[in-house]
Amino acid sequence: MSEENWIEVGSTGSIEEEDLIRFDHQDKTFCVYRLTDGFYATDGMCTHEAVHLEDGLVMDDEIECPMHQGIFNIKSGEALSPPACEDLKTYPVKVDNDKIFIKIE
Amino acid sequence: MKNNIIILGGGQAGIYAAREIRQNDLKSNIKILGEENLLPYERPPLSKDFLLDRKNEENLYFHSGDVLKNENIDFEYVSINKVDFENKKLFTKNDDVYSYNTLLISTGSENKKLSVDNNLTDDIYYLRNLEEAKIIKKKVLNKNKVTIIGGGFIGLEIASSLSQLQKKVTVIEIGNQLMGRIIPKQIADLVQKTHIEHGNEIILNKQIDKIIKKNGIYEILLNDNSLIETDFVIAGIGSTPSVKLFENTNLKLDNGIVTNQYCETSIKDVYAAGDVSNFYHPLYERNIRLESYQHAQNHGICAGKNIAGVKTEYSSIPWMWSDQFNLNLQLTGICDDFDEIVERGNDINNGIIYFFLKNKKIQGACGLGIVGKVGRDIRITSKLSENNTIVDTKILADKTQKLNKLMQK
């Protein structure tokens with residue numbers, strides 16, 4: 001695990017609590033969330049159909065897809081409610097000097 | 001003797017009910033009787049991603065056979081043609097008998113058929129199940145002009161898909177707007193504009209007088225004497241609850257099977273869920289019947305809980321969607337009982353929502369936008385409606401303000 005795998009997403013102030021931002025890196029898109037107990041990251045697209053989760057609703061530890069209301073647990077990526085049935089990939093997040101980093105393999 | 005629970009109807013409501021019963025009841029026999037020779041599958045993609053070859057059959061099933069096996073849920077492909085509620089028995093046409101202690105009816109709904117001359121019955125195509133979707137997909141390939149009769153969700157979704165397959169599509173709708181049964185005119189007009197921009201022809205306010213087949217081409221004569229020539233005809237003119245089996249029984253029917261908020265019918269130990277049920281909604285204080293994905297799932301789950309003895313009221317806020325071209329339309333609640341309309345947004349690229357309020361509480365909302373742009377607000381709207389929240393209409397109307405602000409913490 002080398003240091004360069006951590007990619008800077010932005011400042012902690014850029015995300016409101018119980019909200020998320022979209023982060024694009026190379027040809028991939030991610031969502032970075034601020035929950036009451038910290039920051040989390042998942043893939044940015046719903047596993048059901050090609051739609052960005054950035055427009056979805058964050059409730060407690062869950063993100064709900066804006067298109068068909070599939071629900072995922074943000075921390076585990078688990079698909080909790082149909083039509084989503086495939087889990088969402090999650091990524092490690094760290095905060096350093098008010099900056100958010102995510103670790104992309 | 002073991003308790004026998006039979007679920008009549010192998011669609012979405014049935015499978016979700018079965019799995020919910022099993023969550024709460026490990027002992028009873030649970031058997032689903034399905035008429036289609038298929039495990040329960042998702043219908044929404046049939047008119048869209050399936051026609052467009054973006055999803056194939058394997059991607060449509062809710063659960064694999066293994067899931068049912070692991071949960072000890074039987075699934076039989078069988079057609080029931082008689083019900084004896086008094087003796088709690090179901091009969092096939094060969095007089096095979098299925099006895100139950102508790103019955104859930106989740107037979108769904110079926111397409112209304114267009115009235116045409118007998119010799120043309122087989123020339124009109126409908127899309128409800130996988131088999132019909134496969135046939136349309138195959139037959140439409142080498143056709144050019146396609147006419148869709150009925151401007152509701154299904155007709156317009158097919159029109160969108162076939163337009164993307166480079167077909168010349170005409171939609172004929174009897175009403176004065178598209179999707180008139182449930183979608184407000186403001187949104188319907190925007191959808192219509194999008195179809196026209198993509199080259200689809202939309203004809204409103206016209207009835208079909210006659211369809212004639214000449215040399216493999218269909219001539220559709222409308223009530224204003226205009227004539228449409230077409231290579232292929234698809235009808236999507238609404239559906240009716242599948243209740244034929246119960247017509248001469250004691251089961252109370254009125255636009256489907258009448259149920260209370262616990263999915264109970266007029267007959268003890270008989271429940272109904274999904275499209276077939278005209279259920280009492282405690283929030284709206286009236287019976288409603290819904291044909292939607294979310295409802296089939298949640299109503300099935302609710303019936304499952306009640307059957308397993310976990311008394312649960314069904315008070316879900318209705319929600320449905322339609323995807324046409326790159327647009328996602330969403331509807332929540334009911335939009336036909338209001339004293340005020342509030343508009344949020346003015347551009348479908350960022351989403352437009354119309355809210356329908358009564359006494360400053362949201363009764364329903366309908367939104368349209370590029371995929372993803374209305375979902376969050378519609379979802380919050382459902383919650384506001386469910387909680388009976390009195391809302392500040394200035395925030396509703398101001399796209400720069402987040403709707404979360406209206407939620408009471």
# chains A, B, ... in the order shown; residues from 1 in each chain; ligands from 1
>>> residues_around(residues="B:Ile149", least_positions_apart="2", cutoff="10 Å", atoms="only C-alpha atoms", output="PDB file with N, CA and C atoms, in the first residue's frame")
ATOM      1  N   LEU B 114     -57.841  -4.109 -27.377  1.00  0.00           N
ATOM      2  CA  LEU B 114     -58.426  -3.203 -28.352  1.00  0.00           C
ATOM      3  C   LEU B 114     -59.531  -3.934 -29.097  1.00  0.00           C
ATOM      4  N   ILE B 124     -52.537  -7.312 -33.419  1.00  0.00           N
ATOM      5  CA  ILE B 124     -52.291  -6.228 -32.462  1.00  0.00           C
ATOM      6  C   ILE B 124     -51.423  -6.794 -31.334  1.00  0.00           C
ATOM      7  N   TYR B 126     -49.290  -6.540 -27.656  1.00  0.00           N
ATOM      8  CA  TYR B 126     -49.378  -5.944 -26.319  1.00  0.00           C
ATOM      9  C   TYR B 126     -48.093  -6.272 -25.585  1.00  0.00           C
ATOM     10  N   VAL B 146     -44.188   2.191 -36.996  1.00  0.00           N
ATOM     11  CA  VAL B 146     -44.876   1.512 -35.899  1.00  0.00           C
ATOM     12  C   VAL B 146     -45.903   2.467 -35.295  1.00  0.00           C
ATOM     13  N   THR B 147     -47.108   1.982 -35.095  1.00  0.00           N
ATOM     14  CA  THR B 147     -48.128   2.813 -34.455  1.00  0.00           C
ATOM     15  C   THR B 147     -48.457   2.230 -33.086  1.00  0.00           C
ATOM     16  N   GLY B 151     -51.495   6.527 -25.204  1.00  0.00           N
ATOM     17  CA  GLY B 151     -50.380   7.378 -24.789  1.00  0.00           C
ATOM     18  C   GLY B 151     -50.174   7.366 -23.291  1.00  0.00           C
ATOM     19  N   GLY B 152     -50.164   6.172 -22.700  1.00  0.00           N
ATOM     20  CA  GLY B 152     -49.855   6.042 -21.270  1.00  0.00           C
ATOM     21  C   GLY B 152     -48.386   5.695 -21.091  1.00  0.00           C
ATOM     22  N   GLY B 155     -47.092   2.736 -23.460  1.00  0.00           N
ATOM     23  CA  GLY B 155     -47.049   3.132 -24.871  1.00  0.00           C
ATOM     24  C   GLY B 155     -45.905   4.094 -25.138  1.00  0.00           C
ATOM     25  N   LEU B 156     -45.740   5.050 -24.247  1.00  0.00           N
ATOM     26  CA  LEU B 156     -44.698   6.066 -24.451  1.00  0.00           C
ATOM     27  C   LEU B 156     -43.300   5.497 -24.232  1.00  0.00           C
ATOM     28  N   THR B 170     -45.660   6.497 -34.362  1.00  0.00           N
ATOM     29  CA  THR B 170     -46.831   7.344 -34.160  1.00  0.00           C
ATOM     30  C   THR B 170     -47.570   6.846 -32.922  1.00  0.00           C
ATOM     31  N   VAL B 171     -47.927   7.781 -32.046  1.00  0.00           N
ATOM     32  CA  VAL B 171     -48.707   7.417 -30.851  1.00  0.00           C
ATOM     33  C   VAL B 171     -50.091   8.045 -30.988  1.00  0.00           C
ATOM     34  N   ILE B 172     -51.122   7.226 -30.834  1.00  0.00           N
ATOM     35  CA  ILE B 172     -52.491   7.750 -30.909  1.00  0.00           C
ATOM     36  C   ILE B 172     -53.118   7.655 -29.518  1.00  0.00           C
ATOM     37  N   GLU B 173     -53.557   8.805 -29.020  1.00  0.00           N
ATOM     38  CA  GLU B 173     -54.138   8.832 -27.679  1.00  0.00           C
ATOM     39  C   GLU B 173     -55.555   9.421 -27.752  1.00  0.00           C
ATOM     40  N   ILE B 174     -56.451   8.767 -27.086  1.00  0.00           N
ATOM     41  CA  ILE B 174     -57.864   9.181 -27.126  1.00  0.00           C
ATOM     42  C   ILE B 174     -58.105  10.458 -26.303  1.00  0.00           C
ATOM     43  N   ILE B 203     -50.540  11.962 -31.658  1.00  0.00           N
ATOM     44  CA  ILE B 203     -51.880  12.390 -32.067  1.00  0.00           C
ATOM     45  C   ILE B 203     -52.795  12.282 -30.852  1.00  0.00           C
ATOM     46  N   GLN B 207     -59.985   8.950 -31.813  1.00  0.00           N
ATOM     47  CA  GLN B 207     -60.379   7.551 -31.605  1.00  0.00           C
ATOM     48  C   GLN B 207     -60.140   6.764 -32.884  1.00  0.00           C
ATOM     49  N   ILE B 208     -60.006   5.472 -32.693  1.00  0.00           N
ATOM     50  CA  ILE B 208     -59.815   4.620 -33.871  1.00  0.00           C
ATOM     51  C   ILE B 208     -61.170   4.089 -34.322  1.00  0.00           C
ATOM     52  N   VAL B 233     -48.596  -2.679 -35.253  1.00  0.00           N
ATOM     53  CA  VAL B 233     -49.484  -2.004 -34.305  1.00  0.00           C
ATOM     54  C   VAL B 233     -49.307  -2.592 -32.898  1.00  0.00           C
ATOM     55  N   ILE B 234     -49.045  -1.698 -31.953  1.00  0.00           N
ATOM     56  CA  ILE B 234     -48.940  -2.118 -30.543  1.00  0.00           C
ATOM     57  C   ILE B 234     -49.994  -1.329 -29.770  1.00  0.00           C
ATOM     58  N   ALA B 235     -50.707  -2.000 -28.885  1.00  0.00           N
ATOM     59  CA  ALA B 235     -51.713  -1.292 -28.084  1.00  0.00           C
ATOM     60  C   ALA B 235     -51.320  -1.332 -26.612  1.00  0.00           C
ATOM     61  N   GLY B 236     -51.427  -0.188 -25.969  1.00  0.00           N
ATOM     62  CA  GLY B 236     -51.225  -0.103 -24.515  1.00  0.00           C
ATOM     63  C   GLY B 236     -52.325   0.806 -24.001  1.00  0.00           C
ATOM     64  N   ILE B 237     -53.492   0.229 -23.778  1.00  0.00           N
ATOM     65  CA  ILE B 237     -54.669   1.059 -23.485  1.00  0.00           C
ATOM     66  C   ILE B 237     -55.187   0.807 -22.069  1.00  0.00           C
TER      67      ILE B 237
END
>>> residues_around(residues="stretch 80-86 of chain A", least_positions_apart="6", cutoff="10 Å", atoms="only C-alpha atoms", output="PDB file with C-alpha atoms, in the first residue's frame")
ATOM      1  CA  CYS A  46     -25.746   3.024  -9.135  1.00  0.00           C
ATOM      2  CA  THR A  47     -25.220  -0.697  -9.706  1.00  0.00           C
ATOM      3  CA  HIS A  48     -28.730  -1.042 -11.137  1.00  0.00           C
ATOM      4  CA  GLU A  49     -28.695   1.439 -14.002  1.00  0.00           C
ATOM      5  CA  GLU A  62     -27.846   5.110   3.441  1.00  0.00           C
ATOM      6  CA  ILE A  63     -27.772   6.504  -0.060  1.00  0.00           C
ATOM      7  CA  GLU A  64     -30.883   6.189  -2.156  1.00  0.00           C
ATOM      8  CA  CYS A  65     -30.580   6.232  -5.935  1.00  0.00           C
ATOM      9  CA  HIS A  68     -35.447   4.028  -8.985  1.00  0.00           C
ATOM     10  CA  GLN A  69     -34.969   4.334  -5.209  1.00  0.00           C
ATOM     11  CA  GLY A  70     -32.523   1.480  -4.843  1.00  0.00           C
ATOM     12  CA  ILE A  71     -30.863   1.890  -1.425  1.00  0.00           C
ATOM     13  CA  PHE A  72     -27.278   1.138  -0.399  1.00  0.00           C
ATOM     14  CA  ASN A  73     -25.509   1.211   2.924  1.00  0.00           C
TER      15      ASN A  73
ATOM     16  CA  GLU B  42     -38.830  -7.374 -13.161  1.00  0.00           C
ATOM     17  CA  PHE B  62     -35.681 -11.000  -8.827  1.00  0.00           C
ATOM     18  CA  HIS B  63     -34.165 -14.076  -7.256  1.00  0.00           C
ATOM     19  CA  TYR B 293     -43.183  -1.622  -9.063  1.00  0.00           C
ATOM     20  CA  GLN B 294     -42.776  -0.070  -5.620  1.00  0.00           C
ATOM     21  CA  GLN B 297     -43.073  -4.984  -3.688  1.00  0.00           C
TER      22      GLN B 297
END
>>> interface_residues(of="chain B", to="chain A", cutoff="6 Å", atoms="only C-alpha atoms", output="ChimeraX atom specification")
/B:372,375-376
>>> select_by_dssp(residues="stretch 230-317 of chain B", states="helix (DSSP H, G or I)", output="ChimeraX atom specification")
/B:244-246,274-276,293-307
>>> write_last_selection(atoms="all heavy atoms", output="short mmCIF file (atom, residue, chain, number, x, y, z; two decimals), in the first residue's frame")
data_model
loop_
_atom_site.label_atom_id
_atom_site.label_comp_id
_atom_site.auth_asym_id
_atom_site.auth_seq_id
_atom_site.Cartn_x
_atom_site.Cartn_y
_atom_site.Cartn_z
N LYS B 244 -61.02 -12.55 -12.84
CA LYS B 244 -62.03 -13.39 -13.49
C LYS B 244 -62.37 -14.64 -12.65
O LYS B 244 -63.52 -15.03 -12.54
CB LYS B 244 -61.53 -13.81 -14.87
CG LYS B 244 -62.65 -14.03 -15.86
CD LYS B 244 -62.13 -14.11 -17.28
CE LYS B 244 -61.90 -12.73 -17.86
NZ LYS B 244 -61.12 -12.76 -19.09
N LEU B 245 -61.35 -15.19 -12.06
CA LEU B 245 -61.49 -16.42 -11.28
C LEU B 245 -62.45 -16.25 -10.09
O LEU B 245 -63.01 -17.22 -9.58
CB LEU B 245 -60.09 -16.77 -10.75
CG LEU B 245 -59.76 -18.13 -10.25
CD1 LEU B 245 -60.11 -19.21 -11.27
CD2 LEU B 245 -58.26 -18.20 -9.94
N PHE B 246 -62.64 -15.03 -9.65
CA PHE B 246 -63.40 -14.79 -8.42
C PHE B 246 -64.77 -14.17 -8.67
O PHE B 246 -65.46 -13.79 -7.74
CB PHE B 246 -62.59 -13.89 -7.48
CG PHE B 246 -61.14 -14.23 -7.44
CD1 PHE B 246 -60.18 -13.40 -8.00
CD2 PHE B 246 -60.72 -15.44 -6.89
CE1 PHE B 246 -58.85 -13.74 -8.00
CE2 PHE B 246 -59.38 -15.80 -6.87
CZ PHE B 246 -58.44 -14.94 -7.43
N GLY B 274 -50.86 -6.17 -4.32
CA GLY B 274 -50.35 -5.78 -5.64
C GLY B 274 -51.44 -5.19 -6.53
O GLY B 274 -52.47 -4.70 -6.04
N ASP B 275 -51.22 -5.27 -7.84
CA ASP B 275 -52.13 -4.65 -8.82
C ASP B 275 -53.59 -5.07 -8.65
O ASP B 275 -54.50 -4.32 -8.99
CB ASP B 275 -51.76 -5.10 -10.26
CG ASP B 275 -50.48 -4.48 -10.76
OD1 ASP B 275 -49.70 -3.99 -9.93
OD2 ASP B 275 -50.28 -4.49 -11.98
N VAL B 276 -53.81 -6.28 -8.17
CA VAL B 276 -55.17 -6.84 -8.14
C VAL B 276 -56.00 -6.26 -6.99
O VAL B 276 -57.21 -6.38 -6.97
CB VAL B 276 -55.11 -8.38 -8.06
CG1 VAL B 276 -54.76 -8.86 -6.64
CG2 VAL B 276 -56.42 -9.01 -8.52
N TYR B 293 -44.26 -0.78 -9.56
CA TYR B 293 -43.18 -1.62 -9.06
C TYR B 293 -43.07 -1.52 -7.54
O TYR B 293 -43.09 -2.52 -6.83
CB TYR B 293 -41.90 -1.12 -9.73
CG TYR B 293 -40.66 -1.88 -9.42
CD1 TYR B 293 -40.21 -2.88 -10.28
CD2 TYR B 293 -39.88 -1.59 -8.30
CE1 TYR B 293 -39.04 -3.57 -10.01
CE2 TYR B 293 -38.72 -2.27 -8.04
CZ TYR B 293 -38.30 -3.26 -8.89
OH TYR B 293 -37.15 -3.94 -8.63
N GLN B 294 -42.96 -0.29 -7.06
CA GLN B 294 -42.78 -0.07 -5.62
C GLN B 294 -43.96 -0.62 -4.83
O GLN B 294 -43.80 -1.23 -3.78
CB GLN B 294 -42.61 1.44 -5.38
CG GLN B 294 -42.58 1.85 -3.91
CD GLN B 294 -43.72 2.81 -3.58
OE1 GLN B 294 -44.77 2.80 -4.23
NE2 GLN B 294 -43.52 3.63 -2.57
N HIS B 295 -45.16 -0.41 -5.38
CA HIS B 295 -46.35 -0.88 -4.68
C HIS B 295 -46.40 -2.40 -4.64
O HIS B 295 -46.70 -3.00 -3.60
CB HIS B 295 -47.60 -0.32 -5.36
CG HIS B 295 -48.87 -0.89 -4.83
ND1 HIS B 295 -49.27 -0.68 -3.52
CD2 HIS B 295 -49.80 -1.69 -5.39
CE1 HIS B 295 -50.41 -1.34 -3.32
NE2 HIS B 295 -50.75 -1.94 -4.43
N ALA B 296 -46.12 -3.03 -5.77
CA ALA B 296 -46.16 -4.50 -5.81
C ALA B 296 -45.23 -5.07 -4.75
O ALA B 296 -45.58 -6.00 -4.00
CB ALA B 296 -45.78 -5.01 -7.20
N GLN B 297 -44.05 -4.50 -4.66
CA GLN B 297 -43.07 -4.98 -3.69
C GLN B 297 -43.54 -4.73 -2.25
O GLN B 297 -43.64 -5.66 -1.43
CB GLN B 297 -41.74 -4.27 -3.95
CG GLN B 297 -40.68 -4.60 -2.93
CD GLN B 297 -39.43 -3.75 -3.14
OE1 GLN B 297 -38.92 -3.65 -4.23
NE2 GLN B 297 -38.97 -3.13 -2.08
N ASN B 298 -43.85 -3.48 -1.95
CA ASN B 298 -44.18 -3.13 -0.56
C ASN B 298 -45.50 -3.72 -0.09
O ASN B 298 -45.65 -4.07 1.08
CB ASN B 298 -44.19 -1.61 -0.38
CG ASN B 298 -42.81 -1.02 -0.55
OD1 ASN B 298 -41.83 -1.77 -0.54
ND2 ASN B 298 -42.72 0.28 -0.70
N HIS B 299 -46.46 -3.79 -1.00
CA HIS B 299 -47.74 -4.36 -0.62
C HIS B 299 -47.59 -5.86 -0.38
O HIS B 299 -48.19 -6.42 0.55
CB HIS B 299 -48.77 -4.09 -1.73
CG HIS B 299 -50.18 -3.99 -1.24
ND1 HIS B 299 -51.25 -4.33 -2.02
CD2 HIS B 299 -50.71 -3.60 -0.05
CE1 HIS B 299 -52.36 -4.14 -1.33
NE2 HIS B 299 -52.07 -3.70 -0.15
N GLY B 300 -46.77 -6.50 -1.21
CA GLY B 300 -46.48 -7.92 -1.02
C GLY B 300 -45.84 -8.15 0.35
O GLY B 300 -46.24 -9.05 1.10
N ILE B 301 -44.88 -7.32 0.68
CA ILE B 301 -44.19 -7.45 1.97
C ILE B 301 -45.18 -7.26 3.11
O ILE B 301 -45.18 -8.02 4.10
CB ILE B 301 -43.02 -6.44 2.06
CG1 ILE B 301 -41.90 -6.84 1.09
CG2 ILE B 301 -42.49 -6.32 3.49
CD1 ILE B 301 -40.79 -5.83 0.93
N CYS B 302 -46.05 -6.26 2.96
CA CYS B 302 -47.03 -5.98 4.02
C CYS B 302 -47.99 -7.16 4.19
O CYS B 302 -48.29 -7.58 5.31
CB CYS B 302 -47.80 -4.70 3.68
SG CYS B 302 -48.95 -4.22 4.97
N ALA B 303 -48.45 -7.71 3.06
CA ALA B 303 -49.34 -8.88 3.14
C ALA B 303 -48.62 -10.03 3.83
O ALA B 303 -49.18 -10.73 4.68
CB ALA B 303 -49.79 -9.29 1.73
N GLY B 304 -47.34 -10.21 3.48
CA GLY B 304 -46.54 -11.28 4.08
C GLY B 304 -46.48 -11.15 5.60
O GLY B 304 -46.66 -12.12 6.33
N LYS B 305 -46.25 -9.93 6.06
CA LYS B 305 -46.19 -9.69 7.50
C LYS B 305 -47.53 -10.05 8.16
O LYS B 305 -47.57 -10.74 9.18
CB LYS B 305 -45.89 -8.21 7.79
CG LYS B 305 -44.45 -7.81 7.57
CD LYS B 305 -44.25 -6.40 8.11
CE LYS B 305 -43.02 -5.70 7.56
NZ LYS B 305 -41.74 -6.32 7.81
N ASN B 306 -48.60 -9.57 7.56
CA ASN B 306 -49.92 -9.81 8.16
C ASN B 306 -50.27 -11.30 8.16
O ASN B 306 -50.84 -11.81 9.12
CB ASN B 306 -50.99 -8.99 7.44
CG ASN B 306 -50.95 -7.53 7.86
OD1 ASN B 306 -51.07 -7.21 9.04
ND2 ASN B 306 -50.72 -6.65 6.91
N ILE B 307 -49.91 -11.98 7.08
CA ILE B 307 -50.18 -13.42 7.02
C ILE B 307 -49.39 -14.15 8.10
O ILE B 307 -49.87 -15.09 8.72
CB ILE B 307 -49.84 -13.96 5.60
CG1 ILE B 307 -50.89 -13.46 4.61
CG2 ILE B 307 -49.74 -15.49 5.59
CD1 ILE B 307 -50.54 -13.67 3.15
#
>>> closest_residue(among="A:Met59, A:Leu20, A:Ser76, A:Lys28", to="A:Pro92", atoms="only C-alpha atoms")
A:Ser76
>>> residues_around(residues="B:Glu36", least_positions_apart="2", cutoff="7 Å", atoms="only C-alpha atoms", output="VMD selection string")
chain B and resid 34 38 77
>>> residues_around(residues="B:Gly216", least_positions_apart="6", cutoff="12 Å", atoms="only C-alpha atoms", output="list in words")
Leu120, Asp123, Lys143, Glu229, Thr230, Asp231, Phe232 and Val233 of chain B
>>> closest_residue(among="A:Ile74, A:Phe30, A:Ile100, A:Met45", to="A:Glu18", atoms="only C-alpha atoms")
A:Ile74
>>> closest_atom_pairs(of="stretch 163-255 of chain B", to="stretch 84-90 of chain B", cutoff="10 Å", atoms="only C-alpha atoms", output="CSV")
residue,atom,partner,partner_atom,distance
B:Phe246,CA,B:Asp84,CA,9.5
B:Thr249,CA,B:Phe85,CA,7.8
B:Asn250,CA,B:Phe85,CA,8.0
B:Leu251,CA,B:Phe85,CA,8.4
>>> write_last_selection(atoms="all heavy atoms", output="PDB file, in the first residue's frame")
ATOM      1  N   PHE B 246     -62.641 -15.027  -9.654  1.00  0.00           N
ATOM      2  CA  PHE B 246     -63.401 -14.793  -8.416  1.00  0.00           C
ATOM      3  C   PHE B 246     -64.767 -14.175  -8.671  1.00  0.00           C
ATOM      4  O   PHE B 246     -65.460 -13.787  -7.736  1.00  0.00           O
ATOM      5  CB  PHE B 246     -62.594 -13.889  -7.481  1.00  0.00           C
ATOM      6  CG  PHE B 246     -61.138 -14.234  -7.441  1.00  0.00           C
ATOM      7  CD1 PHE B 246     -60.184 -13.402  -7.998  1.00  0.00           C
ATOM      8  CD2 PHE B 246     -60.721 -15.442  -6.887  1.00  0.00           C
ATOM      9  CE1 PHE B 246     -58.848 -13.743  -7.997  1.00  0.00           C
ATOM     10  CE2 PHE B 246     -59.383 -15.795  -6.871  1.00  0.00           C
ATOM     11  CZ  PHE B 246     -58.440 -14.942  -7.432  1.00  0.00           C
ATOM     12  N   THR B 249     -67.913 -15.657  -6.937  1.00  0.00           N
ATOM     13  CA  THR B 249     -67.676 -16.121  -5.566  1.00  0.00           C
ATOM     14  C   THR B 249     -68.130 -15.030  -4.596  1.00  0.00           C
ATOM     15  O   THR B 249     -68.595 -13.977  -5.013  1.00  0.00           O
ATOM     16  CB  THR B 249     -66.164 -16.373  -5.331  1.00  0.00           C
ATOM     17  OG1 THR B 249     -65.494 -15.107  -5.337  1.00  0.00           O
ATOM     18  CG2 THR B 249     -65.565 -17.270  -6.398  1.00  0.00           C
ATOM     19  N   ASN B 250     -67.940 -15.296  -3.301  1.00  0.00           N
ATOM     20  CA  ASN B 250     -68.323 -14.305  -2.286  1.00  0.00           C
ATOM     21  C   ASN B 250     -67.292 -13.206  -2.101  1.00  0.00           C
ATOM     22  O   ASN B 250     -67.500 -12.285  -1.315  1.00  0.00           O
ATOM     23  CB  ASN B 250     -68.508 -14.993  -0.927  1.00  0.00           C
ATOM     24  CG  ASN B 250     -69.748 -15.858  -0.933  1.00  0.00           C
ATOM     25  OD1 ASN B 250     -70.696 -15.580  -1.673  1.00  0.00           O
ATOM     26  ND2 ASN B 250     -69.724 -16.917  -0.132  1.00  0.00           N
ATOM     27  N   LEU B 251     -66.177 -13.347  -2.774  1.00  0.00           N
ATOM     28  CA  LEU B 251     -65.104 -12.370  -2.588  1.00  0.00           C
ATOM     29  C   LEU B 251     -65.556 -10.999  -3.089  1.00  0.00           C
ATOM     30  O   LEU B 251     -66.024 -10.869  -4.224  1.00  0.00           O
ATOM     31  CB  LEU B 251     -63.858 -12.820  -3.352  1.00  0.00           C
ATOM     32  CG  LEU B 251     -62.584 -12.023  -3.107  1.00  0.00           C
ATOM     33  CD1 LEU B 251     -62.106 -12.180  -1.667  1.00  0.00           C
ATOM     34  CD2 LEU B 251     -61.487 -12.487  -4.066  1.00  0.00           C
TER      35      LEU B 251
END
>>> closest_residue(among="B:Asn3, B:Gln324, B:Thr381, B:Asn94", to="B:Pro45", atoms="only C-alpha atoms")
B:Gln324
